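Containing mmCIF, C-alpha atoms and all ligand atoms: protein_20.cif.
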```cif
data_structure
loop_
_atom_site.label_atom_id
_atom_site.label_comp_id
_atom_site.auth_asym_id
_atom_site.auth_seq_id
_atom_site.Cartn_x
_atom_site.Cartn_y
_atom_site.Cartn_z
CA MET Q 103 -23.95 9.27 -12.86
CA ASN Q 104 -22.33 6.56 -10.76
CA ILE Q 105 -24.83 5.82 -8.00
CA ASP Q 106 -22.77 3.14 -6.24
CA THR Q 107 -20.24 5.59 -4.91
CA PHE Q 108 -20.26 9.33 -4.38
CA THR Q 109 -17.07 11.39 -4.27
CA LEU Q 110 -17.13 13.80 -1.34
CA ASN Q 111 -15.87 17.37 -1.65
CA ASN Q 112 -12.46 16.34 -0.30
CA GLY Q 113 -12.06 13.44 -2.74
CA VAL Q 114 -13.01 10.66 -0.31
CA GLU Q 115 -15.30 8.00 -1.82
CA LEU Q 116 -18.51 7.15 0.03
CA PRO Q 117 -20.64 4.11 -0.86
CA GLY Q 118 -23.96 5.84 -1.61
CA LEU Q 119 -26.23 3.24 -0.07
CA GLY Q 120 -25.40 2.74 3.60
CA PHE Q 121 -26.97 0.83 6.47
CA GLY Q 122 -28.53 2.69 9.42
CA VAL Q 123 -28.80 1.44 12.98
CA PHE Q 124 -30.93 4.08 14.76
CA GLN Q 125 -33.28 2.30 17.21
CA THR Q 126 -31.49 -1.00 16.61
CA ALA Q 127 -31.07 -2.42 20.08
CA PRO Q 128 -27.47 -3.26 21.00
CA GLU Q 129 -28.38 -6.95 21.29
CA GLU Q 130 -29.70 -6.93 17.69
CA THR Q 131 -26.97 -4.78 16.19
CA VAL Q 132 -24.19 -7.33 15.67
CA ALA Q 133 -26.48 -9.67 13.74
CA ALA Q 134 -28.06 -6.88 11.68
CA VAL Q 135 -24.75 -5.28 10.69
CA GLN Q 136 -23.16 -8.66 9.98
CA GLU Q 137 -26.07 -9.51 7.70
CA ALA Q 138 -25.80 -6.14 5.97
CA LEU Q 139 -22.09 -6.65 5.32
CA ARG Q 140 -22.78 -10.20 4.12
CA VAL Q 141 -25.27 -9.05 1.48
CA GLY Q 142 -22.99 -6.27 0.25
CA TYR Q 143 -23.41 -3.01 2.17
CA ARG Q 144 -20.03 -1.35 2.72
CA HIS Q 145 -21.17 1.72 4.66
CA ILE Q 146 -22.62 1.75 8.19
CA ASP Q 147 -24.23 4.81 9.80
CA THR Q 148 -24.30 4.86 13.60
CA ALA Q 149 -24.09 7.56 16.28
CA ALA Q 150 -22.75 8.04 19.79
CA ALA Q 151 -26.36 8.67 20.85
CA TYR Q 152 -27.59 5.31 19.48
CA GLY Q 153 -25.73 3.31 22.11
CA ASN Q 154 -24.61 0.64 19.63
CA GLU Q 155 -21.19 1.74 18.33
CA ARG Q 156 -19.51 -1.11 20.20
CA GLU Q 157 -21.73 -3.66 18.44
CA VAL Q 158 -21.16 -2.04 15.04
CA GLY Q 159 -17.41 -2.40 15.57
CA GLU Q 160 -17.84 -6.00 16.66
CA ALA Q 161 -19.86 -6.85 13.55
CA ILE Q 162 -17.23 -5.31 11.28
CA ARG Q 163 -14.48 -7.34 12.94
CA ARG Q 164 -16.54 -10.54 12.73
CA SER Q 165 -17.30 -9.95 9.03
CA GLY Q 166 -13.70 -10.72 8.11
CA LEU Q 167 -13.67 -7.78 5.70
CA ASP Q 168 -10.65 -5.54 5.52
CA ARG Q 169 -11.09 -2.40 7.58
CA SER Q 170 -10.50 -0.30 4.47
CA ASP Q 171 -13.45 -1.97 2.72
CA VAL Q 172 -16.07 -0.69 5.20
CA PHE Q 173 -16.98 2.98 5.42
CA VAL Q 174 -17.90 3.88 9.01
CA GLU Q 175 -19.92 6.99 9.77
CA THR Q 176 -20.80 8.15 13.28
CA LYS Q 177 -22.08 11.28 15.00
CA ILE Q 178 -21.13 13.41 17.97
CA TRP Q 179 -24.06 14.05 20.33
CA ILE Q 180 -24.88 17.60 21.54
CA SER Q 181 -23.81 16.90 25.13
CA ASP Q 182 -20.28 16.51 23.75
CA TYR Q 183 -20.20 19.82 21.85
CA GLY Q 184 -17.35 22.29 22.43
CA LEU Q 185 -13.75 21.93 21.25
CA ASP Q 186 -12.33 19.77 24.03
CA GLN Q 187 -15.55 17.84 24.63
CA THR Q 188 -15.82 16.87 20.96
CA LEU Q 189 -12.19 15.78 20.79
CA HIS Q 190 -13.02 13.53 23.73
CA GLY Q 191 -16.25 12.48 21.98
CA PHE Q 192 -14.13 11.20 19.09
CA ASP Q 193 -12.00 9.20 21.54
CA LYS Q 194 -15.12 7.64 23.05
CA SER Q 195 -16.60 6.69 19.68
CA ALA Q 196 -13.30 5.40 18.27
CA ALA Q 197 -12.73 3.25 21.37
CA LYS Q 198 -16.25 1.79 21.25
CA LEU Q 199 -15.97 1.09 17.52
CA GLY Q 200 -12.49 -0.32 18.05
CA LEU Q 201 -11.12 1.89 15.26
CA ASP Q 202 -8.14 4.23 15.02
CA GLN Q 203 -9.73 6.23 12.24
CA ILE Q 204 -13.36 7.04 11.48
CA ASP Q 205 -14.32 7.53 7.83
CA LEU Q 206 -16.96 10.22 8.36
CA LEU Q 207 -17.63 12.03 11.63
CA ILE Q 208 -20.57 14.43 11.74
CA LEU Q 209 -22.31 16.70 14.24
CA HIS Q 210 -25.68 15.07 15.00
CA GLN Q 211 -27.64 18.33 15.36
CA PRO Q 212 -27.09 22.06 15.29
CA LEU Q 213 -27.22 23.26 18.90
CA THR Q 214 -29.10 26.37 17.95
CA THR Q 215 -29.43 27.71 21.48
CA ALA Q 216 -25.67 27.53 22.07
CA PHE Q 217 -24.24 27.86 18.60
CA GLU Q 218 -20.77 28.76 19.87
CA ARG Q 219 -20.57 25.20 21.21
CA THR Q 220 -21.59 23.92 17.78
CA ILE Q 221 -18.73 25.94 16.28
CA GLY Q 222 -16.30 24.60 18.88
CA ALA Q 223 -17.46 21.07 18.10
CA TYR Q 224 -16.95 21.58 14.39
CA GLN Q 225 -13.49 23.05 14.99
CA ALA Q 226 -12.67 19.83 16.81
CA LEU Q 227 -13.76 17.90 13.71
CA GLU Q 228 -11.48 20.12 11.61
CA ARG Q 229 -8.58 19.30 13.89
CA LEU Q 230 -9.35 15.56 13.77
CA LEU Q 231 -9.41 15.81 9.98
CA ALA Q 232 -6.07 17.62 9.88
CA ASP Q 233 -4.60 14.97 12.22
CA GLY Q 234 -5.86 12.10 10.02
CA LYS Q 235 -8.12 10.72 12.74
CA VAL Q 236 -11.13 11.07 10.44
CA ARG Q 237 -11.25 10.98 6.63
CA ALA Q 238 -14.16 13.40 6.23
CA ILE Q 239 -16.36 15.61 8.41
CA GLY Q 240 -19.90 16.86 8.17
CA VAL Q 241 -23.15 17.77 9.85
CA SER Q 242 -26.70 16.53 10.29
CA ASN Q 243 -30.04 18.29 10.58
CA PHE Q 244 -28.47 21.64 9.66
CA LEU Q 245 -30.91 24.11 8.09
CA PRO Q 246 -29.73 26.71 5.55
CA GLU Q 247 -29.28 29.33 8.28
CA ASP Q 248 -27.26 26.88 10.40
CA LEU Q 249 -24.98 26.19 7.43
CA ASP Q 250 -24.51 29.93 6.90
CA ARG Q 251 -23.48 30.43 10.53
CA LEU Q 252 -21.13 27.47 10.38
CA LEU Q 253 -19.53 28.42 7.05
CA ASP Q 254 -18.93 31.97 8.33
CA ALA Q 255 -17.03 30.74 11.38
CA THR Q 256 -15.06 27.71 10.14
CA SER Q 257 -12.83 26.77 7.22
CA VAL Q 258 -13.63 23.22 6.06
CA VAL Q 259 -16.90 22.96 4.15
CA PRO Q 260 -18.87 19.96 5.49
CA ALA Q 261 -18.68 16.94 3.19
CA VAL Q 262 -22.18 15.75 4.12
CA ASN Q 263 -25.42 17.07 5.59
CA GLN Q 264 -27.54 14.14 6.79
CA ILE Q 265 -31.19 15.23 6.88
CA GLU Q 266 -34.76 13.95 6.92
CA ILE Q 267 -35.68 13.23 3.30
CA HIS Q 268 -38.37 10.90 1.99
CA PRO Q 269 -41.10 11.37 -0.59
CA TYR Q 270 -43.33 13.27 1.88
CA PHE Q 271 -40.61 15.71 2.99
CA ARG Q 272 -38.09 16.64 0.33
CA GLN Q 273 -36.53 19.84 1.71
CA THR Q 274 -35.81 21.12 -1.79
CA GLU Q 275 -34.38 24.45 -0.59
CA LEU Q 276 -31.99 22.70 1.73
CA LEU Q 277 -30.97 20.25 -1.01
CA ALA Q 278 -30.17 23.24 -3.23
CA LYS Q 279 -28.22 24.91 -0.44
CA ASN Q 280 -26.17 21.75 0.13
CA ALA Q 281 -25.50 21.43 -3.60
CA GLU Q 282 -24.47 25.08 -3.88
CA HIS Q 283 -21.70 24.43 -1.36
CA GLY Q 284 -20.66 21.01 -2.66
CA ILE Q 285 -22.16 19.28 0.40
CA LEU Q 286 -23.55 15.80 -0.26
CA SER Q 287 -27.14 15.41 0.93
CA GLN Q 288 -27.67 12.17 2.81
CA ALA Q 289 -31.23 11.01 3.48
CA TRP Q 290 -32.22 9.74 6.90
CA SER Q 291 -35.53 7.88 7.08
CA PRO Q 292 -35.00 7.35 3.34
CA ILE Q 293 -37.96 4.98 2.99
CA GLY Q 294 -40.01 7.15 5.33
CA GLY Q 295 -39.52 5.28 8.61
CA ILE Q 296 -40.40 8.46 10.45
CA THR Q 297 -43.80 8.46 8.70
CA PHE Q 298 -44.80 5.24 10.42
CA TYR Q 299 -42.75 5.01 13.62
CA PRO Q 300 -45.04 4.93 16.65
CA GLY Q 301 -45.17 8.37 18.22
CA TYR Q 302 -44.03 10.12 15.03
CA GLY Q 303 -46.24 8.93 12.19
CA LYS Q 304 -48.73 11.50 11.02
CA GLY Q 305 -50.97 10.01 8.37
CA PRO Q 306 -50.42 7.15 5.92
CA SER Q 307 -46.93 5.80 5.56
CA THR Q 308 -44.79 6.23 2.47
CA LEU Q 309 -44.68 2.43 2.21
CA GLU Q 310 -48.44 2.42 1.55
CA ASN Q 311 -48.52 5.26 -0.95
CA PRO Q 312 -50.45 4.22 -4.11
CA ALA Q 313 -48.27 6.25 -6.51
CA ILE Q 314 -45.11 4.64 -5.15
CA ALA Q 315 -46.84 1.24 -5.31
CA ASP Q 316 -47.62 1.83 -9.01
CA VAL Q 317 -43.99 2.59 -9.81
CA ALA Q 318 -42.91 -0.45 -7.80
CA ALA Q 319 -45.35 -2.70 -9.68
CA ALA Q 320 -44.08 -1.43 -13.04
CA HIS Q 321 -40.55 -2.57 -12.14
CA GLU Q 322 -41.52 -5.66 -10.12
CA LYS Q 323 -39.80 -4.06 -7.16
CA SER Q 324 -40.99 -3.03 -3.70
CA PRO Q 325 -41.95 0.50 -2.55
CA ALA Q 326 -38.83 0.60 -0.36
CA GLN Q 327 -36.62 -0.28 -3.33
CA VAL Q 328 -38.27 2.42 -5.44
CA MET Q 329 -37.67 5.07 -2.78
CA LEU Q 330 -34.03 4.09 -2.39
CA ARG Q 331 -33.52 4.19 -6.14
CA TRP Q 332 -35.22 7.64 -6.21
CA HIS Q 333 -32.64 8.98 -3.74
CA LEU Q 334 -29.65 7.44 -5.48
CA GLN Q 335 -30.67 8.54 -8.99
CA GLN Q 336 -31.11 12.09 -7.67
CA GLY Q 337 -27.58 12.03 -6.26
CA ARG Q 338 -28.36 11.52 -2.58
CA SER Q 339 -26.80 9.01 -0.24
CA ALA Q 340 -29.39 6.92 1.64
CA ILE Q 341 -29.03 4.87 4.80
CA PRO Q 342 -32.05 2.59 5.31
CA LYS Q 343 -32.39 0.74 8.61
CA SER Q 344 -33.70 -2.76 9.19
CA VAL Q 345 -33.21 -5.59 11.63
CA THR Q 346 -35.06 -8.02 9.33
CA PRO Q 347 -32.74 -10.13 7.12
CA ALA Q 348 -35.14 -10.23 4.14
CA ARG Q 349 -35.54 -6.43 4.22
CA ILE Q 350 -31.81 -5.86 4.70
CA ALA Q 351 -31.25 -7.79 1.46
CA GLU Q 352 -34.24 -6.19 -0.31
CA ASN Q 353 -33.00 -2.68 0.44
CA PHE Q 354 -29.61 -3.44 -1.09
CA ASP Q 355 -31.11 -5.00 -4.23
CA VAL Q 356 -31.61 -1.72 -6.05
CA PHE Q 357 -28.87 -1.73 -8.66
CA ASP Q 358 -30.66 -3.64 -11.44
CA PHE Q 359 -33.41 -1.22 -12.46
CA GLU Q 360 -33.78 2.44 -13.31
CA LEU Q 361 -36.61 4.90 -12.70
CA THR Q 362 -37.66 7.09 -15.61
CA ASP Q 363 -37.71 10.87 -15.36
CA ALA Q 364 -41.51 10.72 -15.22
CA GLU Q 365 -41.38 8.25 -12.33
CA LEU Q 366 -38.88 10.41 -10.45
CA ALA Q 367 -41.16 13.42 -11.00
CA ALA Q 368 -44.22 11.46 -9.81
CA ILE Q 369 -42.44 10.68 -6.54
CA ASP Q 370 -41.24 14.29 -6.26
CA SER Q 371 -44.86 15.43 -6.50
CA LEU Q 372 -45.77 13.58 -3.28
CA ASP Q 373 -43.94 16.19 -1.17
CA GLN Q 374 -46.20 17.39 1.65
CA LYS Q 375 -43.55 19.78 2.99
CA VAL Q 376 -44.23 18.62 6.54
CA ARG Q 377 -41.32 17.60 8.76
CA ARG Q 378 -42.01 14.36 10.67
CA GLY Q 379 -38.91 14.41 12.85
CA PRO Q 380 -38.12 17.00 15.50
CA GLU Q 381 -37.50 20.62 14.56
CA PRO Q 382 -33.70 20.92 14.65
CA ALA Q 383 -33.91 24.04 16.82
CA SER Q 384 -35.94 22.15 19.43
CA MET Q 385 -32.88 20.11 20.38
CA THR Q 386 -31.42 21.79 23.45
CA LEU Q 387 -29.03 20.65 26.15
CA GLU Q 388 -31.95 20.92 28.60
CA SER Q 389 -34.34 18.78 26.54
CA ALA Q 390 -31.97 16.29 24.94
CA GLY Q 391 -28.47 16.71 26.33
CA PHE Q 392 -28.18 13.27 27.93
CA PRO Q 393 -24.57 12.22 28.49
CA VAL Q 394 -22.85 9.75 26.18
CA PRO Q 395 -21.27 7.05 28.38
CA GLU Q 396 -17.50 6.86 28.56
CA ALA Q 397 -17.46 3.15 27.74
P1 LIG F 1 -36.02 4.11 7.48
O1 LIG F 1 -36.65 4.96 6.42
O2 LIG F 1 -34.73 3.46 7.18
O3 LIG F 1 -37.10 3.02 7.92
C1 LIG F 1 -36.79 2.01 8.85
C2 LIG F 1 -38.09 1.28 9.20
O4 LIG F 1 -38.60 0.65 8.03
C3 LIG F 1 -37.93 0.21 10.23
O5 LIG F 1 -39.14 0.16 10.98
C4 LIG F 1 -37.81 -1.07 9.40
O6 LIG F 1 -38.30 -2.16 10.11
C5 LIG F 1 -38.69 -0.76 8.23
N1 LIG F 1 -38.21 -1.31 6.95
C6 LIG F 1 -36.93 -1.37 6.52
N2 LIG F 1 -36.88 -1.89 5.29
C7 LIG F 1 -38.15 -2.18 4.94
C8 LIG F 1 -38.72 -2.74 3.77
N3 LIG F 1 -37.95 -3.10 2.75
N4 LIG F 1 -40.06 -2.90 3.74
C9 LIG F 1 -40.83 -2.53 4.79
N5 LIG F 1 -40.34 -1.99 5.92
C10 LIG F 1 -39.00 -1.80 5.98
O7 LIG F 1 -35.95 5.04 8.77
P2 LIG F 1 -34.88 5.40 9.90
O8 LIG F 1 -35.52 6.50 10.65
O9 LIG F 1 -34.42 4.22 10.64
O10 LIG F 1 -33.66 6.03 9.12
C11 LIG F 1 -32.59 5.25 8.63
C12 LIG F 1 -31.28 5.64 9.30
O11 LIG F 1 -31.06 7.05 9.22
C13 LIG F 1 -31.24 5.37 10.81
O12 LIG F 1 -31.09 4.03 11.13
C14 LIG F 1 -30.08 6.24 11.21
O13 LIG F 1 -28.85 5.62 10.85
C15 LIG F 1 -30.34 7.48 10.35
N6 LIG F 1 -31.13 8.49 11.08
C16 LIG F 1 -30.49 9.68 11.40
C17 LIG F 1 -31.17 10.69 12.06
C18 LIG F 1 -30.45 11.95 12.37
O14 LIG F 1 -30.97 12.77 13.15
N7 LIG F 1 -29.28 12.19 11.82
C19 LIG F 1 -32.57 10.55 12.46
C20 LIG F 1 -33.17 9.28 12.06
C21 LIG F 1 -32.46 8.32 11.38
P3 LIG F 1 -37.39 -3.40 10.67
O15 LIG F 1 -36.11 -2.84 11.22
O16 LIG F 1 -38.28 -3.97 11.75
O17 LIG F 1 -37.17 -4.33 9.53
#
```

Show me this structure written as structure tokens.
Amino acid sequence: MNIDTFTLNNGVELPGLGFGVFQTAPEETVAAVQEALRVGYRHIDTAAAYGNEREVGEAIRRSGLDRSDVFVETKIWISDYGLDQTLHGFDKSAAKLGLDQIDLLILHQPLTTAFERTIGAYQALERLLADGKVRAIGVSNFLPEDLDRLLDATSVVPAVNQIEIHPYFRQTELLAKNAEHGILSQAWSPIGGITFYPGYGKGPSTLENPAIADVAAAHEKSPAQVMLRWHLQQGRSAIPKSVTPARIAENFDVFDFELTDAELAAIDSLDQKVRRGPEPASMTLESAGFPVPEA
């Protein structure tokens, strides 16, 4: 399997290892993304809700790379769901990024309490795809039942479902559901950030797990590198975040070793089946529907 690049269900090529910028402050984002592009990442994952699309666009322009060499992924926030609102959400994101076309545009969450707005939002993505404004469309944090509702009501199968996956929460049923429909699974918190972020962490972090440390020692690699390799070898895209230059480089230095089947299985066995992030259905307009600024 080629783990550098994954081919999406519409033929578009996605660099499997991307660079995430959730919780990266706008004032840190240009430097972090520039550093990522300098060390070789060619895929950036941002979101309207992160408040740093403008800085991601700025970093890409400053990198001197051709636009076509950088894969840009962003997300529509729930306050912009509905057909017309999501079309406008694209305009806002494209303007902030300074791009005419976005490579992958996804819905950030299912809006379970108002699913008709989720459908409207996805229909806007379908229209943007047909118009060539985006190269691929997808979803995030969709559970199997959310995918069923979406697939029943729309025509383009999502290219990607970006979900919480790390060694402590593998979501094997959801991975199977994605695979059944040809949807690429993309891991957020791929090295388990959500297991140690203040306010979220419940128990020891994945970075301190002894079994992962053993595998890392065997390859003279770090626990983070082992987890990223685990995702890629199992066919998942991963989008680690860092604002620390040494870690940005470390997380991209994963293409010169290979985990054995036994090592992959040992990491699989760490699954605690406990979600660390929010329950997707808990995201409502009332609790989380803050507006995305126009500019
Ligand atoms: P990650 O698993 O990427 O972990 C990031 C944390 O790990 C940061 O605290 C970072 O610190 C630290 N870190 C990074 N590399 C290393 C390393 N090599 N060794 C030790 N520590 C390290 O978690 P995230 O939650 O940030 O997820 C990654 C991306 O996924 C996000 O940036 C975002 O793009 C996406 N995401 C999407 C969500 C969704 O709902 N769709 C939800 C959450 C994330 P530091 O930066 O200080 O170096």

To check your reading of the model: which residues sit at most 8 Å from ligand LIG 1 (chain F) when counting only C-alpha atoms and all ligand atoms? Write the answer as a ChimeraX atom specification. /Q:121-126,146-149,177,210-211,242-243,264-266,268,289-296,298-299,309,324-327,340-350,352-353,379

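What separates atom CA of Thr214 of chain Q from atom CA of Phe244 of chain Q is a distance of 9.6 Å.
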
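When only C-alpha atoms are used to measure the gap to Gly113 of chain Q, the shortest distance among Q:Ala351, Q:Ala278, Q:Ile369, Q:Leu286 belongs to Q:Leu286.
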
Pick out the closest residue to Thr297 of chain Q from this set: Q:Arg140, Q:Arg377, Q:Arg169, Q:His321. Count only C-alpha atoms. Q:Arg377

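Here atom CA of Tyr270 of chain Q is placed at a distance of 7.2 Å from atom CA of Thr308 of chain Q.
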
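Among Q:Ser195, Q:Tyr183, Q:Leu366, Q:Val172, the residue with the shortest atom-to-atom distance to Arg219 of chain Q, counting all atoms listed in the file, is Q:Tyr183.
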
Excluding segment 354-364 of chain Q and residues on its chain fewer than 4 positions from it, collect all residues at most 8 Å away from it, counting only C-alpha atoms, and give them as a JSON list (two decimals) with C-alpha atoms, keeping the file's coordinate frame.
```
[["chain", "number", "residue", "atom", "x", "y", "z"],
["Q", 119, "LEU", "CA", -26.23, 3.24, -0.07],
["Q", 141, "VAL", "CA", -25.27, -9.05, 1.48],
["Q", 142, "GLY", "CA", -22.99, -6.27, 0.25],
["Q", 143, "TYR", "CA", -23.41, -3.01, 2.17],
["Q", 321, "HIS", "CA", -40.55, -2.57, -12.14],
["Q", 327, "GLN", "CA", -36.62, -0.28, -3.33],
["Q", 328, "VAL", "CA", -38.27, 2.42, -5.44],
["Q", 330, "LEU", "CA", -34.03, 4.09, -2.39],
["Q", 331, "ARG", "CA", -33.52, 4.19, -6.14],
["Q", 332, "TRP", "CA", -35.22, 7.64, -6.21],
["Q", 335, "GLN", "CA", -30.67, 8.54, -8.99],
["Q", 350, "ILE", "CA", -31.81, -5.86, 4.70],
["Q", 368, "ALA", "CA", -44.22, 11.46, -9.81]]
```

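Remark: for Ala151 of chain Q, the closest of the candidate residues Q:Asp168, Q:Asp202, Q:Asp182, Q:Glu130 is Q:Asp182 (distances computed over only C-alpha atoms).
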
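Between atom CA of Arg164 of chain Q and atom CA of Leu139 of chain Q the interatomic distance comes to 10.0 Å.
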
With all atoms listed in the file counted, which protein, DNA or RNA residues have an atom no more than 7 Å from (-10.3, 7.2, 7.3) in the file frame? Please answer as an NGL selection string. :Q and (203-205 or 235-237)

Given only C-alpha atoms as the basis, pick out the residue of Q:Val394, Q:Leu249, Q:Ile239, Q:Leu231 nearest to Gln187 of chain Q. Q:Val394

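For the set Q:Asp248, Q:Asp373, Q:Glu160, Q:Glu275, the residue with the smallest atom-to-atom gap to Ala197 of chain Q is Q:Glu160, counting all atoms listed in the file.
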
With all atoms of segment 370-377 of chain Q from the file as input, state the centre and edge lengths in Å to one decimal of the axis-aligned box that has 4 Å extra on each side, as JSON.
```
{"center_x": -43.7, "center_y": 16.7, "center_z": 1.1, "size_x": 13.0, "size_y": 14.2, "size_z": 23.3}
```

For segment 173-195 of chain Q, supply N, CA and C atoms and format the output as a PDB file, in the frame of the given file.
```
ATOM      1  N   PHE Q 173     -16.941   1.543   5.146  1.00  0.00           N
ATOM      2  CA  PHE Q 173     -16.980   2.980   5.420  1.00  0.00           C
ATOM      3  C   PHE Q 173     -17.821   3.193   6.687  1.00  0.00           C
ATOM      4  N   VAL Q 174     -17.208   3.727   7.725  1.00  0.00           N
ATOM      5  CA  VAL Q 174     -17.900   3.880   9.010  1.00  0.00           C
ATOM      6  C   VAL Q 174     -18.182   5.354   9.283  1.00  0.00           C
ATOM      7  N   GLU Q 175     -19.456   5.628   9.501  1.00  0.00           N
ATOM      8  CA  GLU Q 175     -19.920   6.990   9.770  1.00  0.00           C
ATOM      9  C   GLU Q 175     -20.534   7.021  11.167  1.00  0.00           C
ATOM     10  N   THR Q 176     -20.137   8.001  11.978  1.00  0.00           N
ATOM     11  CA  THR Q 176     -20.800   8.150  13.280  1.00  0.00           C
ATOM     12  C   THR Q 176     -20.961   9.637  13.591  1.00  0.00           C
ATOM     13  N   LYS Q 177     -21.663   9.902  14.704  1.00  0.00           N
ATOM     14  CA  LYS Q 177     -22.080  11.280  15.000  1.00  0.00           C
ATOM     15  C   LYS Q 177     -21.775  11.642  16.446  1.00  0.00           C
ATOM     16  N   ILE Q 178     -21.373  12.871  16.629  1.00  0.00           N
ATOM     17  CA  ILE Q 178     -21.130  13.410  17.970  1.00  0.00           C
ATOM     18  C   ILE Q 178     -22.461  13.946  18.510  1.00  0.00           C
ATOM     19  N   TRP Q 179     -22.805  13.568  19.747  1.00  0.00           N
ATOM     20  CA  TRP Q 179     -24.060  14.050  20.330  1.00  0.00           C
ATOM     21  C   TRP Q 179     -23.858  15.437  20.972  1.00  0.00           C
ATOM     22  N   ILE Q 180     -24.948  16.195  21.108  1.00  0.00           N
ATOM     23  CA  ILE Q 180     -24.880  17.600  21.540  1.00  0.00           C
ATOM     24  C   ILE Q 180     -24.270  17.779  22.929  1.00  0.00           C
ATOM     25  N   SER Q 181     -24.392  16.766  23.787  1.00  0.00           N
ATOM     26  CA  SER Q 181     -23.810  16.900  25.130  1.00  0.00           C
ATOM     27  C   SER Q 181     -22.283  16.893  25.068  1.00  0.00           C
ATOM     28  N   ASP Q 182     -21.725  16.513  23.928  1.00  0.00           N
ATOM     29  CA  ASP Q 182     -20.280  16.510  23.750  1.00  0.00           C
ATOM     30  C   ASP Q 182     -19.814  17.652  22.848  1.00  0.00           C
ATOM     31  N   TYR Q 183     -20.620  18.690  22.693  1.00  0.00           N
ATOM     32  CA  TYR Q 183     -20.200  19.820  21.850  1.00  0.00           C
ATOM     33  C   TYR Q 183     -19.258  20.747  22.632  1.00  0.00           C
ATOM     34  N   GLY Q 184     -18.426  21.477  21.865  1.00  0.00           N
ATOM     35  CA  GLY Q 184     -17.350  22.290  22.430  1.00  0.00           C
ATOM     36  C   GLY Q 184     -16.044  21.650  21.994  1.00  0.00           C
ATOM     37  N   LEU Q 185     -15.002  22.449  21.817  1.00  0.00           N
ATOM     38  CA  LEU Q 185     -13.750  21.930  21.250  1.00  0.00           C
ATOM     39  C   LEU Q 185     -13.219  20.709  22.003  1.00  0.00           C
ATOM     40  N   ASP Q 186     -12.960  20.867  23.282  1.00  0.00           N
ATOM     41  CA  ASP Q 186     -12.330  19.770  24.030  1.00  0.00           C
ATOM     42  C   ASP Q 186     -13.296  18.587  24.196  1.00  0.00           C
ATOM     43  N   GLN Q 187     -14.561  18.915  24.433  1.00  0.00           N
ATOM     44  CA  GLN Q 187     -15.550  17.840  24.630  1.00  0.00           C
ATOM     45  C   GLN Q 187     -15.681  16.992  23.367  1.00  0.00           C
ATOM     46  N   THR Q 188     -15.648  17.624  22.209  1.00  0.00           N
ATOM     47  CA  THR Q 188     -15.820  16.870  20.960  1.00  0.00           C
ATOM     48  C   THR Q 188     -14.583  16.044  20.636  1.00  0.00           C
ATOM     49  N   LEU Q 189     -13.407  16.598  20.960  1.00  0.00           N
ATOM     50  CA  LEU Q 189     -12.190  15.780  20.790  1.00  0.00           C
ATOM     51  C   LEU Q 189     -12.315  14.510  21.644  1.00  0.00           C
ATOM     52  N   HIS Q 190     -12.821  14.695  22.853  1.00  0.00           N
ATOM     53  CA  HIS Q 190     -13.020  13.530  23.730  1.00  0.00           C
ATOM     54  C   HIS Q 190     -14.147  12.641  23.186  1.00  0.00           C
ATOM     55  N   GLY Q 191     -15.154  13.256  22.595  1.00  0.00           N
ATOM     56  CA  GLY Q 191     -16.250  12.480  21.980  1.00  0.00           C
ATOM     57  C   GLY Q 191     -15.718  11.563  20.896  1.00  0.00           C
ATOM     58  N   PHE Q 192     -14.767  12.061  20.103  1.00  0.00           N
ATOM     59  CA  PHE Q 192     -14.130  11.200  19.090  1.00  0.00           C
ATOM     60  C   PHE Q 192     -13.461  10.011  19.775  1.00  0.00           C
ATOM     61  N   ASP Q 193     -12.704  10.291  20.851  1.00  0.00           N
ATOM     62  CA  ASP Q 193     -12.000   9.200  21.540  1.00  0.00           C
ATOM     63  C   ASP Q 193     -12.986   8.142  22.021  1.00  0.00           C
ATOM     64  N   LYS Q 194     -14.120   8.599  22.555  1.00  0.00           N
ATOM     65  CA  LYS Q 194     -15.120   7.640  23.050  1.00  0.00           C
ATOM     66  C   LYS Q 194     -15.659   6.780  21.899  1.00  0.00           C
ATOM     67  N   SER Q 195     -16.032   7.443  20.804  1.00  0.00           N
ATOM     68  CA  SER Q 195     -16.600   6.690  19.680  1.00  0.00           C
ATOM     69  C   SER Q 195     -15.575   5.747  19.069  1.00  0.00           C
TER      70      SER Q 195
END
```
